[in-house]
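Visitor: Take this structure, written in structure tokens, and hold onto it; I'll ask about it next.
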Amino acid sequence: MTIYIKNMVCIRCKMIVSAELTRLGLSYTRVDLGRADIIEEISVAQHEQIRVDLLASGLELTNDIKSILIEGIKAIIIELVHYSEEPLTINLSVHLSQRLQHNYTYMSNIFAKSQGHSIETFFIEHKIERVKELLHYNELNLTEIAYKMHYSSVAHLSSPFKKVTGHTATRYKKLDIRPRVLLEAI
């Protein structure tokens, strides 16, 4: 049985879900961003207990097909930006369509209607948030960060960075601005 979970945006979320399932004595094959595959069927009482306990951690069970699709889109983008070192070799639209087995236009329309912004905007905002994180760590220079985030140059990175933050990456780094946005808030 698969349960679908909204607001799962990080490894910690996966750990929370795994711990909750284990605490309830449920066996599972995997816990990914947005879903958990449980081996056995769960009772109504167990489902309600999972719902209540996850809600206390800011996670929410969902059965709505459109919500599940939106959470799938978010999970794939978060995985690409925050947890993958490999560059995307095909267009994001093609990648999402292949992974989720839906027409991109359909997904884009549902996402925009629900979230108030496009999939592309969500993707860019996550990339910029990751750049801000890398700038904060101060382990890589801007050229290395641009390369790591799959921009062709610092100049190519600076345009979307400035659009999102109001500063170029160079200026942002010099200002040493600390506030970052929580992933689930993007």
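In the structure tokens, chains take letters A, B, ... by order of appearance, with residues numbered from 1 within each chain and ligands from 1 in the order shown.
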Residues near A:Arg12, anyone? I mean within 12 Å using only C-alpha atoms, not counting same-chain ones fewer than 6 positions away, as a ChimeraX atom specification.

Guide: /A:18-19,31-33,57-59,183

Visitor: Can you build me a table of stretch 61-119 of chain A residues sitting at most 8 Å from stretch 137-159 of chain A, with the closest atom pair per residue and its distance in Å to one decimal, using only C-alpha atoms, sorted by chain and residue number, as CSV?

Guide:
residue,atom,partner,partner_atom,distance
A:Val81,CA,A:Met149,CA,7.7
A:Glu85,CA,A:Lys148,CA,7.4
A:Pro87,CA,A:His150,CA,6.2

Visitor: Using DSSP on the backbone, list every residue of stretch 19-81 of chain A that comes out as alpha helix (DSSP H), and give them as a ChimeraX atom specification.

Guide: /A:19-23,44-56,65-78

Visitor: Considering only C-alpha atoms, return as number ranges by chain whatever protein or nucleic-acid residues lie within 12 Å of stretch 102-115 of chain A, sequence-local ones (same chain, fewer than 5 positions apart) excluded.

Guide: A: 65-74, 91-97, 120-122, 185-186

Visitor: Between A:Ala45, A:Ile78, A:Ile119, A:Ala36, which has the minimum distance to A:Thr22 (counting only C-alpha atoms)?

Guide: A:Ala36

Visitor: Between atom CA of A:Glu86 and atom CA of A:Lys127, measure the distance and give it in Å to one decimal.

Guide: 13.8 Å

Visitor: Between A:Asn7, A:Ser27, A:Ser84, A:Gln98, which has the minimum distance to A:Thr62 (counting only C-alpha atoms)?

Guide: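 For A:Thr62, the nearest of the given residues is A:Asn7.
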
Visitor: Counting only C-alpha atoms, what is within 12 Å of A:Leu21, bar same-chain residues fewer than 5 positions away, as a count of residues only?

Guide: 23

Visitor: As an exercise, work out the distance from atom CA of A:Ile128 to atom CA of A:Val164 in Å and give it to one decimal place.

Guide: 7.4 Å

Visitor: Go through stretch 2-186 of chain A and collect every residue that DSSP, computed from the backbone, puts in strand (DSSP E or B); the answer should be as number ranges by chain.

Guide: A: 2-6, 28-32, 35-38, 60-62
